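Colleague: One file: input_31.txt (compact mmCIF, C-alpha atoms).
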# COMPACT_ATOMS: atom_id res chain seq x y z
CA MET A 10 40.92 53.91 -48.02
CA THR A 11 39.05 56.22 -50.36
CA ASP A 12 40.56 59.18 -52.20
CA ILE A 13 38.59 61.58 -49.99
CA GLN A 14 39.77 59.88 -46.79
CA ILE A 15 43.38 60.12 -47.93
CA GLN A 16 43.14 63.73 -49.13
CA ILE A 17 41.45 65.00 -45.98
CA ALA A 18 43.88 63.03 -43.79
CA LYS A 19 46.83 64.63 -45.58
CA ASP A 20 45.23 68.07 -45.26
CA LEU A 21 44.53 67.76 -41.54
CA LEU A 22 48.05 66.53 -40.86
CA SER A 23 49.69 69.24 -42.97
CA ILE A 24 48.07 72.08 -40.99
CA LYS A 25 48.32 70.24 -37.66
CA ALA A 26 44.56 70.19 -37.23
CA VAL A 27 45.21 66.59 -36.23
CA PHE A 28 48.57 66.35 -34.53
CA PHE A 29 50.10 63.13 -33.19
CA ARG A 30 52.53 63.18 -30.27
CA PRO A 31 52.71 59.60 -28.96
CA ASP A 32 55.93 60.12 -27.00
CA GLU A 33 54.69 63.29 -25.28
CA PRO A 34 50.98 62.70 -24.77
CA PHE A 35 48.47 65.47 -24.24
CA THR A 36 46.25 65.39 -21.15
CA TRP A 37 42.50 65.69 -21.66
CA ALA A 38 40.27 67.51 -19.17
CA SER A 39 39.19 64.07 -17.95
CA GLY A 40 42.81 63.27 -17.08
CA ILE A 41 43.19 60.71 -19.86
CA LYS A 42 46.53 60.78 -21.66
CA SER A 43 46.12 61.14 -25.41
CA PRO A 44 48.64 60.83 -28.26
CA VAL A 45 46.52 63.05 -30.50
CA TYR A 46 45.41 66.66 -30.55
CA CYS A 47 42.48 67.66 -32.78
CA ASP A 48 41.34 71.14 -33.79
CA ASN A 49 39.50 71.03 -37.10
CA ARG A 50 38.62 74.71 -36.74
CA LEU A 51 42.09 75.30 -38.18
CA THR A 52 40.79 74.17 -41.58
CA LEU A 53 38.97 77.50 -41.87
CA ALA A 54 42.30 79.37 -41.84
CA TYR A 55 43.70 77.56 -44.89
CA PRO A 56 41.73 78.29 -48.09
CA GLU A 57 42.96 75.27 -50.05
CA VAL A 58 42.28 72.86 -47.21
CA ARG A 59 38.96 74.58 -46.50
CA THR A 60 37.93 74.09 -50.13
CA HIS A 61 38.83 70.39 -50.01
CA VAL A 62 36.82 69.94 -46.81
CA GLU A 63 33.69 71.80 -47.90
CA GLU A 64 33.61 70.21 -51.36
CA ALA A 65 34.06 66.79 -49.76
CA LEU A 66 31.25 67.50 -47.29
CA ALA A 67 28.96 68.54 -50.14
CA LYS A 68 29.84 65.42 -52.13
CA THR A 69 29.26 63.22 -49.10
CA VAL A 70 25.84 64.73 -48.37
CA LYS A 71 24.80 64.26 -52.01
CA GLU A 72 25.99 60.65 -52.01
CA PHE A 73 24.72 59.44 -48.63
CA TYR A 74 21.82 61.81 -47.97
CA PRO A 75 20.42 62.73 -51.41
CA GLU A 76 17.06 63.72 -49.90
CA ALA A 77 18.60 66.43 -47.69
CA GLU A 78 16.57 69.64 -47.61
CA ALA A 79 18.69 71.60 -45.12
CA LEU A 80 21.99 71.44 -43.22
CA MET A 81 22.22 72.08 -39.49
CA GLY A 82 25.59 72.85 -37.91
CA THR A 83 26.62 72.01 -34.39
CA SER A 84 27.61 74.88 -32.12
CA THR A 85 30.16 76.19 -32.57
CA ALA A 86 32.58 74.14 -34.65
CA GLY A 87 30.06 72.92 -37.21
CA ILE A 88 28.47 76.29 -38.00
CA ALA A 89 30.97 77.58 -40.56
CA HIS A 90 31.26 74.20 -42.29
CA ALA A 91 27.48 73.88 -42.52
CA ALA A 92 27.20 77.41 -43.92
CA ILE A 93 29.84 76.96 -46.62
CA THR A 94 28.62 73.50 -47.60
CA ALA A 95 25.02 74.71 -47.76
CA GLN A 96 26.16 77.55 -50.03
CA ILE A 97 27.86 75.07 -52.37
CA MET A 98 24.74 72.89 -52.43
CA GLY A 99 22.19 75.69 -52.61
CA LEU A 100 20.47 74.47 -49.43
CA PRO A 101 19.06 76.27 -46.38
CA MET A 102 21.28 76.25 -43.31
CA GLY A 103 20.87 76.74 -39.59
CA TYR A 104 22.53 75.64 -36.39
CA VAL A 105 21.73 74.28 -32.97
CA ARG A 106 22.91 76.04 -29.83
CA SER A 107 24.31 74.06 -26.92
CA GLY A 108 21.39 75.46 -24.90
CA ALA A 109 18.39 77.70 -25.46
CA LYS A 110 18.94 81.45 -25.23
CA ASP A 111 17.71 83.10 -22.03
CA HIS A 112 16.41 86.17 -23.88
CA GLY A 113 14.47 87.18 -26.98
CA ARG A 114 12.66 84.25 -28.55
CA LYS A 115 14.78 81.84 -26.45
CA ASN A 116 15.70 79.81 -29.51
CA GLN A 117 17.95 76.80 -29.40
CA ILE A 118 17.64 76.19 -33.12
CA GLU A 119 18.74 79.16 -35.21
CA GLY A 120 17.47 79.47 -38.76
CA LYS A 121 14.19 78.33 -40.27
CA LEU A 122 13.21 74.72 -39.64
CA GLU A 123 9.96 73.27 -40.96
CA LYS A 124 8.32 70.30 -39.29
CA GLY A 125 9.11 67.18 -41.27
CA GLN A 126 12.06 68.83 -43.01
CA LYS A 127 14.83 66.39 -43.91
CA VAL A 128 18.06 67.64 -42.42
CA VAL A 129 21.69 66.56 -42.14
CA VAL A 130 23.78 67.57 -39.13
CA VAL A 131 27.26 68.92 -39.88
CA GLU A 132 29.93 68.28 -37.22
CA ASP A 133 33.68 68.76 -37.26
CA LEU A 134 34.77 65.98 -34.90
CA ILE A 135 33.17 62.96 -33.27
CA SER A 136 34.78 61.21 -30.31
CA THR A 137 32.27 59.79 -27.82
CA GLY A 138 29.32 61.22 -29.75
CA GLY A 139 27.51 62.83 -26.83
CA SER A 140 27.29 66.41 -28.07
CA VAL A 141 26.22 65.63 -31.64
CA ILE A 142 23.52 63.24 -30.43
CA GLU A 143 22.13 66.05 -28.26
CA VAL A 144 21.86 68.15 -31.44
CA VAL A 145 20.07 65.30 -33.22
CA ASN A 146 17.62 64.98 -30.34
CA VAL A 147 16.87 68.73 -30.30
CA LEU A 148 16.14 68.66 -34.04
CA ARG A 149 13.94 65.58 -33.72
CA GLU A 150 11.98 67.13 -30.87
CA ALA A 151 11.40 70.18 -33.11
CA GLY A 152 9.88 67.92 -35.75
CA ALA A 153 12.80 67.52 -38.15
CA GLU A 154 13.57 64.26 -39.90
CA VAL A 155 17.28 63.82 -39.24
CA LEU A 156 18.72 61.80 -42.09
CA GLY A 157 22.11 61.54 -40.40
CA ILE A 158 25.39 63.26 -39.62
CA VAL A 159 28.31 64.25 -41.82
CA SER A 160 31.57 64.98 -40.03
CA ILE A 161 35.14 65.82 -40.94
CA PHE A 162 36.86 63.35 -38.62
CA THR A 163 35.90 60.57 -36.25
CA TYR A 164 37.96 58.62 -33.76
CA GLY A 165 35.81 55.52 -34.16
CA MET A 166 35.78 55.00 -30.39
CA GLN A 167 33.46 52.20 -29.32
CA LYS A 168 31.57 54.45 -26.93
CA GLY A 169 30.79 56.82 -29.77
CA LEU A 170 29.75 54.01 -32.11
CA ASP A 171 27.46 52.55 -29.43
CA ARG A 172 25.85 55.92 -28.73
CA LEU A 173 25.18 56.58 -32.41
CA ALA A 174 23.66 53.13 -32.80
CA ALA A 175 21.47 53.60 -29.71
CA ALA A 176 20.26 56.94 -31.08
CA ASP A 177 19.56 55.30 -34.46
CA VAL A 178 21.56 57.90 -36.36
CA LYS A 179 24.12 57.35 -39.11
CA ASN A 180 27.40 59.23 -39.30
CA VAL A 181 29.58 59.50 -42.38
CA SER A 182 33.03 61.03 -41.80
CA LEU A 183 35.39 62.39 -44.44
CA THR A 184 38.27 60.59 -42.75
CA ASN A 185 38.96 58.68 -39.55
CA PHE A 186 41.55 57.88 -36.92
CA ASP A 187 42.82 54.71 -38.59
CA VAL A 188 43.37 56.39 -41.94
CA ILE A 189 45.11 59.41 -40.44
CA ALA A 190 47.38 57.22 -38.32
CA GLU A 191 48.41 55.22 -41.39
CA ILE A 192 48.99 58.32 -43.53
CA ALA A 193 50.94 59.95 -40.68
CA ALA A 194 53.29 56.95 -40.62
CA GLN A 195 53.64 56.89 -44.41
CA GLU A 196 54.53 60.58 -44.55
CA GLY A 197 56.93 60.60 -41.60
CA TYR A 198 54.87 62.45 -39.02
CA ILE A 199 55.21 59.43 -36.73
CA ALA A 200 57.21 56.21 -36.80
CA PRO A 201 55.50 53.19 -38.42
CA THR A 202 55.81 51.39 -35.09
CA ASP A 203 53.62 54.07 -33.48
CA VAL A 204 50.50 53.10 -35.44
CA GLU A 205 49.78 50.09 -33.24
CA ARG A 206 50.14 52.29 -30.14
CA LEU A 207 47.73 54.84 -31.55
CA ILE A 208 45.13 52.21 -32.36
CA ALA A 209 45.53 50.76 -28.85
CA PHE A 210 44.72 54.21 -27.43
CA ARG A 211 41.68 54.56 -29.69
CA ASN A 212 40.39 51.13 -28.72
CA ASN A 213 40.71 51.80 -24.99
CA PRO A 214 41.52 55.43 -24.04
CA SER A 215 41.61 54.65 -20.32
CA ASP A 216 44.39 52.05 -20.77
CA GLU A 217 47.73 53.88 -20.84
CA SER A 218 49.88 50.86 -21.64
CA TRP A 219 50.62 52.31 -25.10
CA ILE A 220 52.67 55.11 -23.50
CA GLY A 221 56.41 54.52 -23.81
CA GLY A 222 55.94 52.00 -26.58
CA THR A 223 54.58 49.18 -24.41
CA LYS A 224 51.97 46.97 -25.97
What is this structure when it is put down as C-alpha cells?

Modeller:
Amino acid sequence: MTDIQIQIAKDLLSIKAVFFRPDEPFTWASGIKSPVYCDNRLTLAYPEVRTHVEEALAKTVKEFYPEAEALMGTSTAGIAHAAITAQIMGLPMGYVRSGAKDHGRKNQIEGKLEKGQKVVVVEDLISTGGSVIEVVNVLREAGAEVLGIVSIFTYGMQKGLDRLAAADVKNVSLTNFDVIAEIAAQEGYIAPTDVERLIAFRNNPSDESWIGGTK
C-alpha cells in the first residue's frame, strides 16, 4: 500500500464517503446486496479531505500522465474534482455530459477541446466501468487523445477491469477496495474477520454467500 492509498482510504472512511455495513447490507438498484456504500461527492464538503484528494489527483496525473494537456471530468461527480485539480495544475478543464444537450449548440463536451489534445479523464468512482468508458469514447470520437483515467476509488471488479482493458484505457485510482477494507479493519470500522467477506463480495457481487459470515 502506498502513502496516498492509505491517506485517501482513511479520509474516505472518516467522512463515511465509503461506508461498510457487512451485517446489514445495502441493496443496489439491480437488487444485488452490497456491504459497502460509496458517495465520494462527500469529499467536497470537508476542506481537509478535499485538499488531500485534489492534491493527490494532481500528483497522480503528473506521475502517470505527464503529457496531459487538459482534464475532462465525468458528469456529474467528476466535474468539481477535475476543476479543482486543473486549477492546481494550471491546465484547461472541461467535462462530458451523459448525453448531448437538446438545445443551443447541442454540446456533449463542455469546454474547449482541440483535436489531438492529450486529455486525462477525472472520475470519482469506478465499479463496472461502463459510464467512464462512454466518456472516453465520446472524447476519442471528438478527436482527443485520451491518455487515461484518474479516479478517487475503484472496486477492482473483474467486469470493470475487463471493460477497461477492452477499451484500451488505463485507470489509476488514489485508493481501492482492498486497501480500504484493510484500513477499515485496522481502525475498527469493521471486524478483521469481515475483510474476507468483503473481498468475496468484490470478486463476485452476485454471490451472496458472504452475507451472515458464511464463506

Colleague: From the options A:Leu173, A:Ala86, A:Ala95, A:Ile220, which residue's atoms come nearest to A:Lys68, counting all atoms listed in the file?

Modeller: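 Closest residue, counting all atoms listed in the file: A:Ala95.
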
Colleague: Restricting the calculation to only C-alpha atoms, which member of A:Ala151, A:Ile161, A:Leu134, A:Ala200 is positioned closest to A:Val58?

Modeller: A:Ile161

Colleague: For A:Met10, list every protein, DNA or RNA residue within 12 Å, evaluated using all atoms listed in the file, and leave out those in the same chain fewer than 6 positions away; present the list as a count of residues only.

Modeller: 12

Colleague: Could you give me, as a Markdown table, every stretch 167-219 of chain A residue with an atom at most 10 Å from stretch 43-49 of chain A, plus its closest atom pair and distance in Å to one decimal, counting all atoms listed in the file, rows ordered by chain then number?

Modeller:
| residue | atom | partner | partner_atom | distance |
| --- | --- | --- | --- | --- |
| A:Phe186 | CA | A:Val45 | CA | 9.6 |
| A:Ala190 | CA | A:Val45 | CA | 9.8 |
| A:Asp203 | CA | A:Pro44 | CA | 9.9 |
| A:Arg206 | CA | A:Pro44 | CA | 8.9 |
| A:Leu207 | CA | A:Pro44 | CA | 6.9 |
| A:Phe210 | CA | A:Ser43 | CA | 7.4 |
| A:Arg211 | CA | A:Ser43 | CA | 9.0 |
| A:Pro214 | CA | A:Ser43 | CA | 7.5 |
| A:Ser215 | CA | A:Ser43 | CA | 9.4 |
| A:Glu217 | CA | A:Ser43 | CA | 8.7 |
| A:Trp219 | CA | A:Pro44 | CA | 9.3 |

Colleague: For a quick check of your reading of the model, name the residues lying within 7 Å of the coordinate (53.8, 59.8, -30.9), counting only C-alpha atoms, and write them as number ranges by chain.

Modeller: A: 29-33, 44, 199, 203

Colleague: Rounded to one decimal, what separation in Å do you get between atom CA of A:Ser218 and atom CA of A:Val204?

Modeller: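 Separating atom CA of A:Ser218 from atom CA of A:Val204 is a distance of 14.0 Å.
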
Colleague: Taking 6 positions as the minimum chain separation for residues in the same chain, which residues sit within 10 Å of A:Glu123 when counting only C-alpha atoms? Answer as JSON, numbers by chain.

Modeller: {"A": [79, 151, 152, 153, 154]}

Colleague: In Å, with one decimal, what is the gap from atom CA of A:Asp216 to atom CA of A:Met166?

Modeller: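 If I compute the distance from atom CA of A:Asp216 to atom CA of A:Met166, I get 13.2 Å.
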
Colleague: Can you tell me how far atom CA of A:Glu196 sits from atom CA of A:Ser23, in Å to one decimal?

Modeller: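 Pair atom CA of A:Glu196 / atom CA of A:Ser23 returns 10.0 Å.
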